[in-house]
Amino acid sequence: MSVAVAKQAKSGKADAKHNLKAVREAYYDRIAKYDMAPLWEVLKDVVRSEPRSKCVPQLWKFADVKRLMLEAGDVISTEEAERRVLVLENPALHGQCRITNSLFAGIQLILPGEVAPVHRHVASAIRFVLDGEGAYTAVEGERASMSPGDFILTPNWAPHDHGNPSGKPMLWLDVLDVPTINHFETSFSEHFDEKMQNTSRGEGDSLERYGSGVLPDGAPVQLKRSPVINYTYARTRPILERLKKSGDIDKRHGARVRYANPINGSWALPTMGAHLALLPDGFKGESYRSTDGMIFVCAEGKGSTKIGDKVFEWGQNDVFVAPPWTRYSHIAAKESVLFSISDRPMQEALGIWREETAH
Ligand SMILES: [Fe+2]
């Protein structure tokens, strides 16, 4: 190497030291052409010391939801829409069709005389009935009449249709694992030629058959979800009363039951886990957080929930969401019942679910 070349190299190195940022950026530009990127620039965001959700807490007042939903009845028919649903969008995730990062929530309206035709999809769905009486959801040949507080499953790939032979509009909360299915890019769906399923099984068939402490011969033990189609409020609500009377009241969650698969005790669905809880009059819950973002519905009563540093006042049929790993605590202004649902079964299956009570 000549003296001149050596000098030039030395001064280049000095420049590089002084202008490290520019050198790095030039390097990042070079590797980007080969579809590579430096992990060290983003490591702290990729592997966090604790969860930081993109979601924010929010509450939807049922009075607003119902009024706006009924307006949708004038704008589009169920047949045209296939499902007349307004998405409850997390305010931090507008346009992404989700209430938390992993779950979709929406309010569905079906007017008297309407039918939402039979279809099926990989995404699992639940319905929690808010308002109306006597519409139905048919799932796998069982027709379930819908009453407020009923918890209805339409599991992965189960054919389902809805209809409203009653004289009143019917509204319910839909929660689906669609964002998770789309995360895995595994969405399939199909429509059927007929509008409605042939329903061969009577009202309440699966709840009687599997939820009575006996199991019929040949009960499907390998099934990854509950065989029960409708966990009726009429059956579940009195159990909360029993818990309350015997003093089985959790300091964080109240007198709470989990919707379970009666064959093996696991969650009702492999992707979404739901609870029903009674908060006694004057209940002041301890602060709690877990890694699953919680969607709540007030089925009865009145109260408030502090989520992070915000307080949300709720009444009957209001829906609210607490983001993952965000502290929340409930206060009941009178005896109240809260339904809740989250992606906890998925997190538990992966061994990543955590919870923390106040310290
Ligand atoms: Fe559906």
# chains A, B, ... in the order shown; residues from 1 in each chain; ligands from 1
>>> residues_near_ligand(ligand="ligand 1", cutoff="9 Å", atoms="only C-alpha atoms and all ligand atoms", output="PyMOL selection string")
chain A and resi 82-83+118-121+123-125+154+158-161+176+189
>>> write_last_selection(atoms="all heavy atoms", output="compact mmCIF listing (two decimals), in the first residue's frame")
# COMPACT_ATOMS: atom_id res chain seq x y z
N GLU A 82 -75.55 -9.58 4.80
CA GLU A 82 -75.26 -10.94 5.27
C GLU A 82 -75.33 -10.99 6.80
O GLU A 82 -76.05 -11.78 7.36
CB GLU A 82 -73.91 -11.48 4.78
CG GLU A 82 -73.74 -12.94 5.14
CD GLU A 82 -72.53 -13.60 4.51
OE1 GLU A 82 -71.96 -13.06 3.54
OE2 GLU A 82 -72.18 -14.68 5.00
N ARG A 83 -74.58 -10.13 7.48
CA ARG A 83 -74.75 -9.94 8.92
C ARG A 83 -74.74 -8.42 9.17
O ARG A 83 -73.77 -7.74 8.80
CB ARG A 83 -73.60 -10.57 9.70
CG ARG A 83 -73.48 -12.10 9.60
CD ARG A 83 -74.65 -12.80 10.22
NE ARG A 83 -74.48 -14.26 10.31
CZ ARG A 83 -74.93 -15.14 9.41
NH1 ARG A 83 -75.54 -14.75 8.31
NH2 ARG A 83 -74.77 -16.45 9.62
N VAL A 118 -77.45 -19.15 6.40
CA VAL A 118 -76.48 -20.10 6.98
C VAL A 118 -75.12 -19.98 6.28
O VAL A 118 -75.04 -19.89 5.06
CB VAL A 118 -77.05 -21.54 6.93
CG1 VAL A 118 -77.42 -21.96 5.53
CG2 VAL A 118 -76.09 -22.54 7.56
N HIS A 119 -74.10 -19.93 7.09
CA HIS A 119 -72.73 -19.97 6.59
C HIS A 119 -71.83 -20.57 7.67
O HIS A 119 -72.30 -20.90 8.76
CB HIS A 119 -72.25 -18.56 6.15
CG HIS A 119 -71.99 -17.58 7.25
ND1 HIS A 119 -71.77 -16.24 7.03
CD2 HIS A 119 -71.91 -17.71 8.61
CE1 HIS A 119 -71.57 -15.61 8.16
NE2 HIS A 119 -71.65 -16.47 9.14
N ARG A 120 -70.59 -20.75 7.35
CA ARG A 120 -69.64 -21.21 8.37
C ARG A 120 -68.26 -20.67 8.06
O ARG A 120 -67.95 -20.31 6.92
CB ARG A 120 -69.63 -22.72 8.51
CG ARG A 120 -69.11 -23.47 7.30
CD ARG A 120 -69.12 -24.95 7.60
NE ARG A 120 -68.89 -25.75 6.43
CZ ARG A 120 -68.87 -27.09 6.44
NH1 ARG A 120 -69.08 -27.74 7.56
NH2 ARG A 120 -68.66 -27.75 5.33
N HIS A 121 -67.42 -20.59 9.08
CA HIS A 121 -66.08 -20.04 8.92
C HIS A 121 -65.15 -20.61 9.97
O HIS A 121 -65.60 -21.15 10.99
CB HIS A 121 -66.10 -18.50 8.96
CG HIS A 121 -67.12 -17.92 9.90
ND1 HIS A 121 -66.96 -17.97 11.26
CD2 HIS A 121 -68.31 -17.30 9.66
CE1 HIS A 121 -68.01 -17.38 11.82
NE2 HIS A 121 -68.86 -16.98 10.88
N ALA A 123 -63.18 -18.92 11.89
CA ALA A 123 -63.24 -18.13 13.12
C ALA A 123 -64.38 -18.64 14.01
O ALA A 123 -65.46 -18.93 13.53
CB ALA A 123 -63.48 -16.66 12.78
N SER A 124 -64.09 -18.75 15.30
CA SER A 124 -65.13 -19.10 16.27
C SER A 124 -65.83 -17.82 16.70
O SER A 124 -65.22 -16.76 16.75
CB SER A 124 -64.52 -19.76 17.50
OG SER A 124 -63.91 -20.97 17.16
N ALA A 125 -67.11 -17.98 17.07
CA ALA A 125 -67.89 -16.82 17.51
C ALA A 125 -68.68 -17.15 18.75
O ALA A 125 -69.02 -18.31 18.99
CB ALA A 125 -68.85 -16.38 16.40
N THR A 154 -70.87 -20.43 18.49
CA THR A 154 -70.82 -20.96 17.13
C THR A 154 -69.35 -21.28 16.87
O THR A 154 -68.59 -20.44 16.39
CB THR A 154 -71.39 -19.99 16.08
OG1 THR A 154 -70.74 -18.73 16.17
CG2 THR A 154 -72.85 -19.75 16.28
N ALA A 158 -68.60 -24.48 12.45
CA ALA A 158 -69.98 -24.93 12.71
C ALA A 158 -70.94 -24.09 11.86
O ALA A 158 -70.94 -22.87 11.95
CB ALA A 158 -70.33 -24.78 14.18
N PRO A 159 -71.79 -24.74 11.04
CA PRO A 159 -72.79 -23.97 10.27
C PRO A 159 -73.74 -23.25 11.22
O PRO A 159 -74.14 -23.81 12.24
CB PRO A 159 -73.55 -25.05 9.49
CG PRO A 159 -72.69 -26.26 9.53
CD PRO A 159 -71.90 -26.18 10.80
N HIS A 160 -74.06 -21.99 10.88
CA HIS A 160 -74.96 -21.24 11.75
C HIS A 160 -75.76 -20.22 10.95
O HIS A 160 -75.28 -19.68 9.96
CB HIS A 160 -74.20 -20.54 12.89
CG HIS A 160 -73.08 -19.66 12.45
ND1 HIS A 160 -71.86 -20.15 12.06
CD2 HIS A 160 -73.00 -18.31 12.32
CE1 HIS A 160 -71.07 -19.15 11.72
NE2 HIS A 160 -71.74 -18.01 11.85
N ASP A 161 -77.00 -20.01 11.40
CA ASP A 161 -77.84 -18.97 10.83
C ASP A 161 -78.69 -18.37 11.94
O ASP A 161 -78.80 -18.95 13.02
CB ASP A 161 -78.74 -19.54 9.70
CG ASP A 161 -79.59 -20.72 10.15
OD1 ASP A 161 -79.07 -21.86 10.14
OD2 ASP A 161 -80.76 -20.50 10.51
N LEU A 176 -65.61 -12.52 18.11
CA LEU A 176 -64.97 -13.53 17.26
C LEU A 176 -63.45 -13.42 17.38
O LEU A 176 -62.91 -12.35 17.67
CB LEU A 176 -65.35 -13.34 15.78
CG LEU A 176 -66.78 -13.73 15.38
CD1 LEU A 176 -67.71 -12.54 15.50
CD2 LEU A 176 -66.82 -14.28 13.97
N SER A 189 -64.04 -19.72 4.67
CA SER A 189 -65.47 -19.60 4.98
C SER A 189 -66.25 -20.12 3.79
O SER A 189 -65.70 -20.24 2.69
CB SER A 189 -65.83 -18.14 5.26
OG SER A 189 -65.73 -17.39 4.08
>>> residues_around(residues="segment 336-346 of chain A", least_positions_apart="2", cutoff="9 Å", atoms="only C-alpha atoms", output="PyMOL selection string")
chain A and resi 100+102-103+128+149+175+177+237+240+266-267+269-281+291-303+315-316+332-334+348-353
>>> select_by_dssp(residues="segment 145-247 of chain A", states="helix (DSSP H, G or I)", output="PyMOL selection string")
chain A and resi 178-183+205-210+233-245
>>> write_last_selection(atoms="N, CA and C atoms", output="PDB file, in the first residue's frame")
ATOM      1  N   VAL A 178     -61.475 -13.499  14.944  1.00  0.00           N
ATOM      2  CA  VAL A 178     -61.062 -13.187  13.558  1.00  0.00           C
ATOM      3  C   VAL A 178     -59.646 -12.584  13.456  1.00  0.00           C
ATOM      4  N   PRO A 179     -59.299 -11.582  14.304  1.00  0.00           N
ATOM      5  CA  PRO A 179     -57.936 -11.031  14.152  1.00  0.00           C
ATOM      6  C   PRO A 179     -56.839 -12.080  14.367  1.00  0.00           C
ATOM      7  N   THR A 180     -57.122 -13.055  15.236  1.00  0.00           N
ATOM      8  CA  THR A 180     -56.133 -14.116  15.473  1.00  0.00           C
ATOM      9  C   THR A 180     -56.070 -15.079  14.292  1.00  0.00           C
ATOM     10  N   ILE A 181     -57.259 -15.436  13.774  1.00  0.00           N
ATOM     11  CA  ILE A 181     -57.294 -16.317  12.590  1.00  0.00           C
ATOM     12  C   ILE A 181     -56.550 -15.637  11.437  1.00  0.00           C
ATOM     13  N   ASN A 182     -56.751 -14.323  11.290  1.00  0.00           N
ATOM     14  CA  ASN A 182     -56.074 -13.604  10.209  1.00  0.00           C
ATOM     15  C   ASN A 182     -54.595 -13.400  10.505  1.00  0.00           C
ATOM     16  N   HIS A 183     -54.235 -13.349  11.778  1.00  0.00           N
ATOM     17  CA  HIS A 183     -52.810 -13.313  12.142  1.00  0.00           C
ATOM     18  C   HIS A 183     -52.114 -14.573  11.617  1.00  0.00           C
ATOM     19  N   ASP A 205     -81.326 -28.802  23.562  1.00  0.00           N
ATOM     20  CA  ASP A 205     -80.873 -30.201  23.464  1.00  0.00           C
ATOM     21  C   ASP A 205     -79.460 -30.403  24.014  1.00  0.00           C
ATOM     22  N   SER A 206     -78.495 -29.593  23.552  1.00  0.00           N
ATOM     23  CA  SER A 206     -77.099 -29.860  23.927  1.00  0.00           C
ATOM     24  C   SER A 206     -76.826 -29.519  25.394  1.00  0.00           C
ATOM     25  N   LEU A 207     -77.527 -28.508  25.924  1.00  0.00           N
ATOM     26  CA  LEU A 207     -77.335 -28.162  27.338  1.00  0.00           C
ATOM     27  C   LEU A 207     -77.875 -29.279  28.233  1.00  0.00           C
ATOM     28  N   GLU A 208     -79.042 -29.813  27.890  1.00  0.00           N
ATOM     29  CA  GLU A 208     -79.611 -30.931  28.656  1.00  0.00           C
ATOM     30  C   GLU A 208     -78.713 -32.163  28.540  1.00  0.00           C
ATOM     31  N   ARG A 209     -78.293 -32.420  27.314  1.00  0.00           N
ATOM     32  CA  ARG A 209     -77.581 -33.656  27.023  1.00  0.00           C
ATOM     33  C   ARG A 209     -76.200 -33.702  27.697  1.00  0.00           C
ATOM     34  N   TYR A 210     -75.513 -32.549  27.683  1.00  0.00           N
ATOM     35  CA  TYR A 210     -74.124 -32.549  28.174  1.00  0.00           C
ATOM     36  C   TYR A 210     -73.941 -31.781  29.481  1.00  0.00           C
ATOM     37  N   TYR A 233     -79.023 -17.933  30.346  1.00  0.00           N
ATOM     38  CA  TYR A 233     -78.944 -17.092  31.559  1.00  0.00           C
ATOM     39  C   TYR A 233     -79.826 -17.699  32.649  1.00  0.00           C
ATOM     40  N   ALA A 234     -80.950 -18.290  32.219  1.00  0.00           N
ATOM     41  CA  ALA A 234     -81.886 -18.898  33.189  1.00  0.00           C
ATOM     42  C   ALA A 234     -81.204 -19.997  33.997  1.00  0.00           C
ATOM     43  N   ARG A 235     -80.240 -20.703  33.393  1.00  0.00           N
ATOM     44  CA  ARG A 235     -79.529 -21.760  34.127  1.00  0.00           C
ATOM     45  C   ARG A 235     -78.330 -21.209  34.899  1.00  0.00           C
ATOM     46  N   THR A 236     -77.620 -20.222  34.332  1.00  0.00           N
ATOM     47  CA  THR A 236     -76.351 -19.767  34.927  1.00  0.00           C
ATOM     48  C   THR A 236     -76.567 -18.750  36.038  1.00  0.00           C
ATOM     49  N   ARG A 237     -77.527 -17.864  35.870  1.00  0.00           N
ATOM     50  CA  ARG A 237     -77.735 -16.778  36.848  1.00  0.00           C
ATOM     51  C   ARG A 237     -77.978 -17.300  38.275  1.00  0.00           C
ATOM     52  N   PRO A 238     -78.846 -18.336  38.472  1.00  0.00           N
ATOM     53  CA  PRO A 238     -79.077 -18.828  39.841  1.00  0.00           C
ATOM     54  C   PRO A 238     -77.820 -19.399  40.501  1.00  0.00           C
ATOM     55  N   ILE A 239     -76.848 -19.843  39.713  1.00  0.00           N
ATOM     56  CA  ILE A 239     -75.604 -20.386  40.294  1.00  0.00           C
ATOM     57  C   ILE A 239     -74.824 -19.248  40.964  1.00  0.00           C
ATOM     58  N   LEU A 240     -74.873 -18.048  40.340  1.00  0.00           N
ATOM     59  CA  LEU A 240     -74.207 -16.887  40.948  1.00  0.00           C
ATOM     60  C   LEU A 240     -74.858 -16.554  42.296  1.00  0.00           C
ATOM     61  N   GLU A 241     -76.158 -16.687  42.339  1.00  0.00           N
ATOM     62  CA  GLU A 241     -76.915 -16.423  43.578  1.00  0.00           C
ATOM     63  C   GLU A 241     -76.460 -17.396  44.680  1.00  0.00           C
ATOM     64  N   ARG A 242     -76.258 -18.649  44.302  1.00  0.00           N
ATOM     65  CA  ARG A 242     -75.793 -19.648  45.266  1.00  0.00           C
ATOM     66  C   ARG A 242     -74.406 -19.262  45.791  1.00  0.00           C
ATOM     67  N   LEU A 243     -73.520 -18.869  44.894  1.00  0.00           N
ATOM     68  CA  LEU A 243     -72.162 -18.478  45.305  1.00  0.00           C
ATOM     69  C   LEU A 243     -72.228 -17.294  46.268  1.00  0.00           C
ATOM     70  N   LYS A 244     -73.057 -16.315  45.916  1.00  0.00           N
ATOM     71  CA  LYS A 244     -73.196 -15.129  46.770  1.00  0.00           C
ATOM     72  C   LYS A 244     -73.670 -15.537  48.165  1.00  0.00           C
ATOM     73  N   LYS A 245     -74.688 -16.367  48.208  1.00  0.00           N
ATOM     74  CA  LYS A 245     -75.278 -16.766  49.498  1.00  0.00           C
ATOM     75  C   LYS A 245     -74.289 -17.528  50.364  1.00  0.00           C
TER      76      LYS A 245
END
>>> atom_distance(atom1="atom CA of Ile107 of chain A", atom2="atom CA of Tyr136 of chain A")
15.5 Å
>>> select_by_dssp(residues="segment 154-302 of chain A", states="strand (DSSP E)", output="ChimeraX atom specification")
/A:154,160-163,170-176,189-191,230-231,255-258,273-279,288-290,294-300
>>> residues_around(residues="Pro38 of chain A", least_positions_apart="4", cutoff="10 Å", atoms="only C-alpha atoms", output="ChimeraX atom specification")
/A:24,27-28,31-32,42-43
>>> residues_around(residues="Pro220 of chain A", least_positions_apart="4", cutoff="12 Å", atoms="only C-alpha atoms", output="number ranges by chain")
A: 210, 215-216, 224-228, 261-264
>>> residues_around(residues="Ala72 of chain A", least_positions_apart="2", cutoff="9 Å", atoms="only C-alpha atoms", output="mmCIF file with all heavy atoms, in the first residue's frame")
data_model
loop_
_atom_site.group_PDB
_atom_site.id
_atom_site.type_symbol
_atom_site.label_atom_id
_atom_site.label_comp_id
_atom_site.auth_asym_id
_atom_site.auth_seq_id
_atom_site.Cartn_x
_atom_site.Cartn_y
_atom_site.Cartn_z
ATOM 1 N N LEU A 68 -78.131 3.903 17.236
ATOM 2 C CA LEU A 68 -77.385 3.894 15.978
ATOM 3 C C LEU A 68 -77.590 2.586 15.220
ATOM 4 O O LEU A 68 -77.631 2.562 13.990
ATOM 5 C CB LEU A 68 -75.891 4.135 16.254
ATOM 6 C CG LEU A 68 -75.597 5.536 16.811
ATOM 7 C CD1 LEU A 68 -74.183 5.613 17.372
ATOM 8 C CD2 LEU A 68 -75.805 6.601 15.732
ATOM 9 N N MET A 69 -77.729 1.523 15.961
ATOM 10 C CA MET A 69 -77.940 0.205 15.357
ATOM 11 C C MET A 69 -79.286 0.165 14.648
ATOM 12 O O MET A 69 -79.395 -0.354 13.529
ATOM 13 C CB MET A 69 -77.872 -0.801 16.500
ATOM 14 C CG MET A 69 -77.664 -2.218 16.145
ATOM 15 S SD MET A 69 -76.066 -2.727 15.559
ATOM 16 C CE MET A 69 -76.425 -3.025 13.838
ATOM 17 N N LEU A 70 -80.316 0.744 15.291
ATOM 18 C CA LEU A 70 -81.642 0.756 14.665
ATOM 19 C C LEU A 70 -81.635 1.596 13.395
ATOM 20 O O LEU A 70 -82.351 1.305 12.435
ATOM 21 C CB LEU A 70 -82.705 1.247 15.649
ATOM 22 C CG LEU A 70 -83.020 0.254 16.790
ATOM 23 C CD1 LEU A 70 -83.921 0.886 17.847
ATOM 24 C CD2 LEU A 70 -83.657 -1.040 16.261
ATOM 25 N N ASP A 74 -82.473 0.877 8.734
ATOM 26 C CA ASP A 74 -83.021 1.624 7.591
ATOM 27 C C ASP A 74 -82.031 1.675 6.430
ATOM 28 O O ASP A 74 -82.412 1.933 5.295
ATOM 29 C CB ASP A 74 -83.339 3.074 8.006
ATOM 30 C CG ASP A 74 -84.382 3.138 9.105
ATOM 31 O OD1 ASP A 74 -85.241 2.229 9.144
ATOM 32 O OD2 ASP A 74 -84.334 4.080 9.923
ATOM 33 N N VAL A 75 -80.781 1.477 6.733
ATOM 34 C CA VAL A 75 -79.720 1.667 5.734
ATOM 35 C C VAL A 75 -79.462 0.397 4.935
ATOM 36 O O VAL A 75 -79.191 0.443 3.731
ATOM 37 C CB VAL A 75 -78.412 2.118 6.452
ATOM 38 C CG1 VAL A 75 -77.238 2.174 5.483
ATOM 39 C CG2 VAL A 75 -78.609 3.478 7.106
ATOM 40 N N ILE A 76 -79.540 -0.761 5.616
ATOM 41 C CA ILE A 76 -79.202 -2.021 4.929
ATOM 42 C C ILE A 76 -80.005 -3.171 5.527
ATOM 43 O O ILE A 76 -80.246 -3.202 6.743
ATOM 44 C CB ILE A 76 -77.670 -2.282 4.988
ATOM 45 C CG1 ILE A 76 -77.258 -3.391 4.022
ATOM 46 C CG2 ILE A 76 -77.200 -2.558 6.419
ATOM 47 C CD1 ILE A 76 -75.798 -3.350 3.629
ATOM 48 N N SER A 77 -80.426 -4.091 4.656
ATOM 49 C CA SER A 77 -81.157 -5.265 5.143
ATOM 50 C C SER A 77 -80.152 -6.323 5.585
ATOM 51 O O SER A 77 -78.995 -6.319 5.159
ATOM 52 C CB SER A 77 -82.043 -5.834 4.032
ATOM 53 O OG SER A 77 -81.226 -6.404 3.025
ATOM 54 N N ARG A 84 -75.842 -7.911 9.793
ATOM 55 C CA ARG A 84 -75.910 -6.471 10.051
ATOM 56 C C ARG A 84 -75.236 -6.210 11.392
ATOM 57 O O ARG A 84 -75.836 -6.349 12.446
ATOM 58 C CB ARG A 84 -77.345 -5.982 10.041
ATOM 59 C CG ARG A 84 -77.414 -4.452 10.063
ATOM 60 C CD ARG A 84 -78.789 -3.961 10.442
ATOM 61 N NE ARG A 84 -79.812 -4.109 9.419
ATOM 62 C CZ ARG A 84 -80.842 -4.964 9.508
ATOM 63 N NH1 ARG A 84 -80.957 -5.767 10.538
ATOM 64 N NH2 ARG A 84 -81.763 -5.007 8.567
ATOM 65 N N VAL A 85 -73.959 -5.863 11.304
ATOM 66 C CA VAL A 85 -73.128 -5.736 12.503
ATOM 67 C C VAL A 85 -72.399 -4.408 12.479
ATOM 68 O O VAL A 85 -71.855 -4.008 11.440
ATOM 69 C CB VAL A 85 -72.087 -6.885 12.568
ATOM 70 C CG1 VAL A 85 -71.143 -6.706 13.748
ATOM 71 C CG2 VAL A 85 -72.770 -8.244 12.644
ATOM 72 N N LEU A 86 -72.400 -3.713 13.602
ATOM 73 C CA LEU A 86 -71.519 -2.555 13.764
ATOM 74 C C LEU A 86 -70.342 -2.981 14.634
ATOM 75 O O LEU A 86 -70.528 -3.510 15.737
ATOM 76 C CB LEU A 86 -72.266 -1.389 14.424
ATOM 77 C CG LEU A 86 -73.352 -0.723 13.576
ATOM 78 C CD1 LEU A 86 -73.982 0.448 14.343
ATOM 79 C CD2 LEU A 86 -72.797 -0.228 12.232
ATOM 80 N N LEU A 109 -77.745 -6.671 14.787
ATOM 81 C CA LEU A 109 -79.186 -6.392 14.841
ATOM 82 C C LEU A 109 -79.903 -7.272 13.835
ATOM 83 O O LEU A 109 -79.488 -7.372 12.679
ATOM 84 C CB LEU A 109 -79.449 -4.925 14.485
ATOM 85 C CG LEU A 109 -80.902 -4.540 14.199
ATOM 86 C CD1 LEU A 109 -81.752 -4.578 15.467
ATOM 87 C CD2 LEU A 109 -80.985 -3.142 13.568
#
>>> atom_distance(atom1="atom CA of Trp60 of chain A", atom2="atom CA of Asp318 of chain A")
5.7 Å
>>> atom_distance(atom1="atom CA of Ser187 of chain A", atom2="atom CA of Asp150 of chain A")
27.1 Å
>>> residues_around(residues="Ser145 of chain A", least_positions_apart="6", cutoff="8 Å", atoms="only C-alpha atoms", output="list of chain:residue names")
A:Glu133, A:Gly134, A:Ala135, A:Tyr136, A:Thr137, A:Glu203
>>> closest_residue(among="A:Val257, A:Met146, A:Lys54, A:Asp193", to="Gln96 of chain A", atoms="only C-alpha atoms")
A:Lys54
>>> residues_around(residues="Leu153 of chain A", least_positions_apart="3", cutoff="7 Å", atoms="only C-alpha atoms", output="CSV table (one decimal) with N, CA and C atoms, in the first residue's frame")
chain,number,residue,atom,x,y,z
A,125,ALA,N,-67.1,-18.0,17.1
A,125,ALA,CA,-67.9,-16.8,17.5
A,125,ALA,C,-68.7,-17.2,18.8
A,126,ILE,N,-68.9,-16.1,19.5
A,126,ILE,CA,-69.9,-16.2,20.6
A,126,ILE,C,-70.9,-15.1,20.5
A,127,ARG,N,-72.1,-15.4,21.0
A,127,ARG,CA,-73.1,-14.3,21.1
A,127,ARG,C,-73.4,-14.1,22.6
A,229,ILE,N,-74.5,-25.6,23.0
A,229,ILE,CA,-74.7,-24.5,22.1
A,229,ILE,C,-75.1,-23.2,22.8
A,230,ASN,N,-76.0,-23.4,23.8
A,230,ASN,CA,-76.6,-22.2,24.5
A,230,ASN,C,-76.5,-22.4,26.0
>>> decode(residues="segment 168-190 of chain A", atoms="N, CA and C atoms", output="PDB file, in the first residue's frame")
ATOM      1  N   LYS A 168     -90.067  -8.056  17.761  1.00  0.00           N
ATOM      2  CA  LYS A 168     -89.190  -6.980  18.253  1.00  0.00           C
ATOM      3  C   LYS A 168     -87.794  -7.090  17.657  1.00  0.00           C
ATOM      4  N   PRO A 169     -87.093  -5.953  17.522  1.00  0.00           N
ATOM      5  CA  PRO A 169     -85.691  -6.043  17.098  1.00  0.00           C
ATOM      6  C   PRO A 169     -84.890  -6.826  18.142  1.00  0.00           C
ATOM      7  N   MET A 170     -83.881  -7.527  17.672  1.00  0.00           N
ATOM      8  CA  MET A 170     -83.044  -8.330  18.576  1.00  0.00           C
ATOM      9  C   MET A 170     -81.606  -7.862  18.415  1.00  0.00           C
ATOM     10  N   LEU A 171     -80.950  -7.589  19.535  1.00  0.00           N
ATOM     11  CA  LEU A 171     -79.551  -7.136  19.496  1.00  0.00           C
ATOM     12  C   LEU A 171     -78.697  -8.020  20.386  1.00  0.00           C
ATOM     13  N   TRP A 172     -77.538  -8.357  19.876  1.00  0.00           N
ATOM     14  CA  TRP A 172     -76.607  -9.099  20.720  1.00  0.00           C
ATOM     15  C   TRP A 172     -75.175  -8.697  20.430  1.00  0.00           C
ATOM     16  N   LEU A 173     -74.300  -9.054  21.356  1.00  0.00           N
ATOM     17  CA  LEU A 173     -72.862  -8.822  21.171  1.00  0.00           C
ATOM     18  C   LEU A 173     -72.257 -10.043  20.495  1.00  0.00           C
ATOM     19  N   ASP A 174     -71.532  -9.817  19.423  1.00  0.00           N
ATOM     20  CA  ASP A 174     -70.735 -10.864  18.774  1.00  0.00           C
ATOM     21  C   ASP A 174     -69.286 -10.679  19.191  1.00  0.00           C
ATOM     22  N   VAL A 175     -68.634 -11.739  19.578  1.00  0.00           N
ATOM     23  CA  VAL A 175     -67.169 -11.684  19.744  1.00  0.00           C
ATOM     24  C   VAL A 175     -66.589 -12.835  18.927  1.00  0.00           C
ATOM     25  N   LEU A 176     -65.612 -12.519  18.113  1.00  0.00           N
ATOM     26  CA  LEU A 176     -64.967 -13.531  17.260  1.00  0.00           C
ATOM     27  C   LEU A 176     -63.454 -13.424  17.383  1.00  0.00           C
ATOM     28  N   ASP A 177     -62.792 -14.554  17.090  1.00  0.00           N
ATOM     29  CA  ASP A 177     -61.325 -14.567  17.128  1.00  0.00           C
ATOM     30  C   ASP A 177     -60.719 -14.221  15.754  1.00  0.00           C
ATOM     31  N   VAL A 178     -61.475 -13.499  14.944  1.00  0.00           N
ATOM     32  CA  VAL A 178     -61.062 -13.187  13.558  1.00  0.00           C
ATOM     33  C   VAL A 178     -59.646 -12.584  13.456  1.00  0.00           C
ATOM     34  N   PRO A 179     -59.299 -11.582  14.304  1.00  0.00           N
ATOM     35  CA  PRO A 179     -57.936 -11.031  14.152  1.00  0.00           C
ATOM     36  C   PRO A 179     -56.839 -12.080  14.367  1.00  0.00           C
ATOM     37  N   THR A 180     -57.122 -13.055  15.236  1.00  0.00           N
ATOM     38  CA  THR A 180     -56.133 -14.116  15.473  1.00  0.00           C
ATOM     39  C   THR A 180     -56.070 -15.079  14.292  1.00  0.00           C
ATOM     40  N   ILE A 181     -57.259 -15.436  13.774  1.00  0.00           N
ATOM     41  CA  ILE A 181     -57.294 -16.317  12.590  1.00  0.00           C
ATOM     42  C   ILE A 181     -56.550 -15.637  11.437  1.00  0.00           C
ATOM     43  N   ASN A 182     -56.751 -14.323  11.290  1.00  0.00           N
ATOM     44  CA  ASN A 182     -56.074 -13.604  10.209  1.00  0.00           C
ATOM     45  C   ASN A 182     -54.595 -13.400  10.505  1.00  0.00           C
ATOM     46  N   HIS A 183     -54.235 -13.349  11.778  1.00  0.00           N
ATOM     47  CA  HIS A 183     -52.810 -13.313  12.142  1.00  0.00           C
ATOM     48  C   HIS A 183     -52.114 -14.573  11.617  1.00  0.00           C
ATOM     49  N   PHE A 184     -52.810 -15.709  11.766  1.00  0.00           N
ATOM     50  CA  PHE A 184     -52.241 -16.975  11.265  1.00  0.00           C
ATOM     51  C   PHE A 184     -52.484 -17.152   9.760  1.00  0.00           C
ATOM     52  N   GLU A 185     -53.286 -16.261   9.181  1.00  0.00           N
ATOM     53  CA  GLU A 185     -53.640 -16.329   7.754  1.00  0.00           C
ATOM     54  C   GLU A 185     -54.263 -17.676   7.404  1.00  0.00           C
ATOM     55  N   THR A 186     -55.276 -18.048   8.241  1.00  0.00           N
ATOM     56  CA  THR A 186     -55.923 -19.350   8.078  1.00  0.00           C
ATOM     57  C   THR A 186     -57.439 -19.206   7.916  1.00  0.00           C
ATOM     58  N   SER A 187     -57.882 -18.117   7.308  1.00  0.00           N
ATOM     59  CA  SER A 187     -59.324 -17.877   7.194  1.00  0.00           C
ATOM     60  C   SER A 187     -59.923 -18.619   6.002  1.00  0.00           C
ATOM     61  N   PHE A 188     -60.857 -19.515   6.291  1.00  0.00           N
ATOM     62  CA  PHE A 188     -61.710 -20.117   5.270  1.00  0.00           C
ATOM     63  C   PHE A 188     -63.157 -19.823   5.660  1.00  0.00           C
ATOM     64  N   SER A 189     -64.036 -19.724   4.668  1.00  0.00           N
ATOM     65  CA  SER A 189     -65.467 -19.601   4.980  1.00  0.00           C
ATOM     66  C   SER A 189     -66.249 -20.123   3.792  1.00  0.00           C
ATOM     67  N   GLU A 190     -67.513 -20.477   4.030  1.00  0.00           N
ATOM     68  CA  GLU A 190     -68.357 -20.884   2.904  1.00  0.00           C
ATOM     69  C   GLU A 190     -69.824 -20.641   3.193  1.00  0.00           C
TER      70      GLU A 190
END
